[in-house]
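Shown next: target.cif, containing mmCIF, C-alpha atoms.
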data_coords
loop_
_atom_site.label_atom_id
_atom_site.label_comp_id
_atom_site.auth_asym_id
_atom_site.auth_seq_id
_atom_site.Cartn_x
_atom_site.Cartn_y
_atom_site.Cartn_z
CA MET M 1 48.90 5.34 9.62
CA HIS M 2 49.38 2.65 12.26
CA GLU M 3 52.93 2.04 13.52
CA PRO M 4 53.87 -0.79 15.93
CA GLN M 5 53.95 0.27 19.59
CA SER M 6 57.35 -1.42 19.95
CA LEU M 7 58.97 1.33 17.86
CA PRO M 8 59.90 4.81 19.16
CA TYR M 9 57.22 6.42 16.97
CA GLY M 10 54.57 3.74 17.55
CA GLY M 11 50.95 4.78 17.51
CA VAL M 12 48.07 5.74 15.28
CA TYR M 13 48.40 8.89 13.19
CA ARG M 14 45.20 10.29 11.68
CA GLY M 15 45.07 13.08 9.12
CA LYS M 16 47.66 14.83 6.99
CA ALA M 17 49.26 16.82 9.83
CA ALA M 18 49.66 13.70 11.98
CA PHE M 19 51.06 11.78 8.99
CA ARG M 20 53.70 14.50 8.47
CA LYS M 21 54.54 14.37 12.20
CA ALA M 22 54.99 10.60 11.95
CA LEU M 23 57.31 10.95 8.95
CA VAL M 24 59.46 13.49 10.79
CA ARG M 25 59.75 11.08 13.74
CA VAL M 26 60.56 8.12 11.45
CA LEU M 27 63.24 10.04 9.55
CA ALA M 28 64.80 11.30 12.81
CA THR M 29 64.99 7.74 14.15
CA TRP M 30 66.76 6.10 11.19
CA ALA M 31 69.81 6.89 9.08
CA ASP M 32 70.09 5.68 5.51
CA LEU M 33 66.46 4.54 5.48
CA ASP M 34 65.68 2.84 2.19
CA PHE M 35 62.90 0.70 0.85
CA THR M 36 62.29 -1.28 -2.29
CA ILE M 37 58.85 -2.35 -3.41
CA VAL M 38 59.26 -6.03 -4.23
CA ASN M 39 55.70 -6.78 -5.30
CA TYR M 40 52.11 -5.81 -4.69
CA ALA M 41 48.60 -7.19 -5.10
CA ALA M 42 45.45 -5.12 -5.36
CA GLY M 43 41.81 -5.93 -4.96
CA GLY M 44 38.94 -3.53 -4.49
CA ASP M 45 40.06 -0.65 -2.30
CA GLU M 46 43.00 -2.51 -0.74
CA VAL M 47 46.60 -3.01 -1.82
CA ILE M 48 49.09 -5.34 -0.13
CA VAL M 49 52.65 -4.13 -0.73
CA HIS M 50 55.72 -6.35 -0.18
CA ILE M 51 58.67 -4.13 0.76
CA TYR M 52 62.32 -4.69 1.61
CA LEU M 53 63.22 -2.09 4.26
CA SER M 54 66.73 -1.25 5.45
CA GLY M 55 68.46 1.43 7.45
CA ALA M 56 70.45 2.08 10.60
CA GLY M 57 69.66 3.49 14.02
CA ALA M 58 70.47 7.20 13.91
CA ARG M 59 72.02 7.15 17.38
CA THR M 60 73.60 3.65 17.34
CA GLY M 61 74.63 3.11 13.73
CA ARG M 62 73.32 -0.48 14.00
CA SER M 63 71.92 -1.60 10.67
CA PHE M 64 68.87 -3.67 9.90
CA GLY M 65 67.24 -5.10 6.82
CA MET M 66 63.94 -6.93 6.66
CA GLN M 67 60.85 -7.67 4.70
CA VAL M 68 57.62 -5.82 5.43
CA LEU M 69 54.06 -6.18 4.22
CA GLU M 70 51.89 -3.07 4.22
CA LEU M 71 48.14 -2.83 3.86
CA TRP M 72 47.10 0.30 2.01
CA ARG M 73 43.39 1.19 1.99
CA LEU M 74 42.34 3.56 -0.76
CA ARG M 75 39.46 5.96 -1.26
CA ASP M 76 39.08 7.92 -4.47
CA GLY M 77 42.57 6.82 -5.52
CA LYS M 78 44.24 8.16 -2.36
CA ILE M 79 45.74 6.21 0.54
CA VAL M 80 43.48 6.67 3.58
CA GLU M 81 45.04 3.99 5.77
CA LEU M 82 48.53 2.53 5.92
CA ARG M 83 49.24 -0.38 8.25
CA PRO M 84 52.71 -2.01 8.19
CA PHE M 85 53.26 -5.60 9.28
CA LEU M 86 56.94 -5.87 10.15
CA PHE M 87 58.62 -9.26 9.99
CA ASP M 88 60.66 -8.43 13.09
CA SER M 89 60.07 -5.12 14.86
CA GLY M 90 62.50 -6.35 17.55
CA ARG M 91 65.28 -6.08 14.98
CA MET M 92 64.39 -2.41 14.51
CA ALA M 93 64.21 -1.86 18.29
CA TRP M 94 67.69 -3.39 18.59
CA ALA M 95 69.03 -1.15 15.81
CA HIS M 96 67.54 1.84 17.62
CA GLY M 97 69.13 0.76 20.92
CA ASP M 98 65.94 -0.09 22.80
CA CYS M 99 66.62 -3.72 23.61
CA PRO M 100 69.55 -5.96 24.55
CA PRO M 101 71.81 -7.29 21.81
CA PHE M 102 70.77 -10.41 19.99
CA HIS M 103 72.05 -12.22 16.96
CA ALA M 104 70.76 -9.90 14.24
CA VAL M 105 71.29 -11.08 10.70
CA ASP M 106 69.69 -9.10 7.93
CA GLN M 107 67.15 -11.00 5.92
CA ASP M 108 68.15 -11.70 2.38
CA HIS M 109 66.90 -9.12 -0.04
CA PRO M 110 64.22 -10.87 -2.09
CA SER M 111 65.18 -11.28 -5.72
#
Can the structure in the file be given as structure tokens, please?
Amino acid sequence: MHEPQSLPYGGVYRGKAAFRKALVRVLATWADLDFTIVNYAAGGDEVIVHIYLSGAGARTGRSFGMQVLELWRLRDGKIVELRPFLFDSGRMAWAHGDCPPFHAVDQDHPS
């Protein structure tokens, strides 16, 4: 799993143990984390997943909502790589409290 360096848990996590560690860090960072799969497209061993992600900074209570695309690479029907492409990782950094305030307006949830 590859997470953007601009986030508190940014980095590359390889293997099941590292993936679990990443999930613990993600869940400790955000309150009310929720995602909705909007759509996906698959071809060969790759799947592109369109997600609406929302939550709030666990220590600030600042909420965010945004669209994300994720690239999932599969082998033998299992995800072997997960790479998110966040529309605005700065919005998440703001919600976490890692950057100065800016005009943050949640993106519309895609219908």
Near-region 32-34 of chain M list (12 Å; all atoms listed in the file; drop same-chain fewer than 3 positions) as a CSV table (one decimal) with C-alpha atoms, in the coordinates of the input:
chain,number,residue,atom,x,y,z
M,23,LEU,CA,57.3,11.0,9.0
M,26,VAL,CA,60.6,8.1,11.4
M,27,LEU,CA,63.2,10.0,9.6
M,28,ALA,CA,64.8,11.3,12.8
M,29,THR,CA,65.0,7.7,14.2
M,37,ILE,CA,58.8,-2.4,-3.4
M,51,ILE,CA,58.7,-4.1,0.8
M,52,TYR,CA,62.3,-4.7,1.6
M,53,LEU,CA,63.2,-2.1,4.3
M,54,SER,CA,66.7,-1.2,5.4
M,55,GLY,CA,68.5,1.4,7.4
M,56,ALA,CA,70.4,2.1,10.6
M,57,GLY,CA,69.7,3.5,14.0
M,58,ALA,CA,70.5,7.2,13.9
M,61,GLY,CA,74.6,3.1,13.7
M,62,ARG,CA,73.3,-0.5,14.0
M,63,SER,CA,71.9,-1.6,10.7
M,64,PHE,CA,68.9,-3.7,9.9
M,65,GLY,CA,67.2,-5.1,6.8
M,66,MET,CA,63.9,-6.9,6.7
M,67,GLN,CA,60.8,-7.7,4.7
M,92,MET,CA,64.4,-2.4,14.5
So what do you get for CA of Met1 (chain M) versus CA of Leu86 (chain M), distance-wise?
->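 Atom-to-atom, CA of Met1 (chain M) and CA of Leu86 (chain M) are spaced 13.8 Å apart.
Of the residues under consideration (M:Gly43, M:His2, M:Asp98, M:Lys21), M:His2 shows the shortest atom-to-atom contact distance to Glu70 (chain M) when counting all atoms listed in the file.
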What is the distance, in Å and to one decimal place, between CA of Tyr9 (chain M) and CA of Ile48 (chain M)?
-> 22.3 Å
Min atom-atom distance to Leu82 (chain M) from the set M:Arg20, M:His96, M:Glu46, M:Gln5, counting all atoms listed in the file, belongs to M:Glu46
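Pairwise distance (CA of Asp88 (chain M), CA of Gly10 (chain M)) equals 14.3 Å.
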Hey, what comes out of the PyMOL selection byres ((chain M and resi 14) around 12) on this file? Could you write it as a CSV table (one decimal) with C-alpha atoms, keeping the file's coordinate frame?
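Once everything was written out, this is expr-v5.csv:
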chain,number,residue,atom,x,y,z
M,1,MET,CA,48.9,5.3,9.6
M,2,HIS,CA,49.4,2.6,12.3
M,3,GLU,CA,52.9,2.0,13.5
M,11,GLY,CA,51.0,4.8,17.5
M,12,VAL,CA,48.1,5.7,15.3
M,13,TYR,CA,48.4,8.9,13.2
M,15,GLY,CA,45.1,13.1,9.1
M,16,LYS,CA,47.7,14.8,7.0
M,17,ALA,CA,49.3,16.8,9.8
M,18,ALA,CA,49.7,13.7,12.0
M,19,PHE,CA,51.1,11.8,9.0
M,20,ARG,CA,53.7,14.5,8.5
M,21,LYS,CA,54.5,14.4,12.2
M,22,ALA,CA,55.0,10.6,12.0
M,79,ILE,CA,45.7,6.2,0.5
M,80,VAL,CA,43.5,6.7,3.6
M,81,GLU,CA,45.0,4.0,5.8
M,82,LEU,CA,48.5,2.5,5.9
M,83,ARG,CA,49.2,-0.4,8.2
Could you give me region 79-94 of chain M completed to N, CA and C atoms, formatted as a tab-separated table (two decimals), in the frame of the given file?
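Saved as part-v2.tsv:
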chain	number	residue	atom	x	y	z
M	79	ILE	N	45.54	7.08	-0.62
M	79	ILE	CA	45.74	6.21	0.54
M	79	ILE	C	45.09	6.87	1.76
M	80	VAL	N	44.15	6.15	2.38
M	80	VAL	CA	43.48	6.67	3.58
M	80	VAL	C	43.89	5.89	4.83
M	81	GLU	N	44.53	4.76	4.64
M	81	GLU	CA	45.04	3.99	5.77
M	81	GLU	C	46.29	3.25	5.33
M	82	LEU	N	47.29	3.24	6.18
M	82	LEU	CA	48.53	2.53	5.92
M	82	LEU	C	48.87	1.77	7.20
M	83	ARG	N	48.97	0.46	7.07
M	83	ARG	CA	49.24	-0.38	8.25
M	83	ARG	C	50.38	-1.35	7.91
M	84	PRO	N	51.59	-1.10	8.46
M	84	PRO	CA	52.71	-2.01	8.19
M	84	PRO	C	52.65	-3.24	9.09
M	85	PHE	N	53.09	-4.36	8.54
M	85	PHE	CA	53.26	-5.60	9.28
M	85	PHE	C	54.74	-5.97	9.14
M	86	LEU	N	55.50	-5.67	10.18
M	86	LEU	CA	56.94	-5.87	10.15
M	86	LEU	C	57.28	-7.31	10.47
M	87	PHE	N	58.21	-7.88	9.73
M	87	PHE	CA	58.62	-9.26	9.99
M	87	PHE	C	59.22	-9.37	11.38
M	88	ASP	N	60.00	-8.36	11.79
M	88	ASP	CA	60.66	-8.43	13.09
M	88	ASP	C	60.89	-7.02	13.63
M	89	SER	N	59.90	-6.46	14.31
M	89	SER	CA	60.07	-5.12	14.86
M	89	SER	C	61.14	-5.10	15.95
M	90	GLY	N	61.42	-6.26	16.56
M	90	GLY	CA	62.50	-6.35	17.55
M	90	GLY	C	63.85	-6.02	16.94
M	91	ARG	N	64.04	-6.39	15.69
M	91	ARG	CA	65.28	-6.08	14.98
M	91	ARG	C	65.44	-4.56	14.87
M	92	MET	N	64.33	-3.87	14.60
M	92	MET	CA	64.39	-2.41	14.51
M	92	MET	C	64.63	-1.80	15.89
M	93	ALA	N	64.00	-2.36	16.92
M	93	ALA	CA	64.21	-1.86	18.29
M	93	ALA	C	65.67	-2.03	18.69
M	94	TRP	N	66.27	-3.16	18.31
M	94	TRP	CA	67.69	-3.39	18.59
M	94	TRP	C	68.55	-2.35	17.86
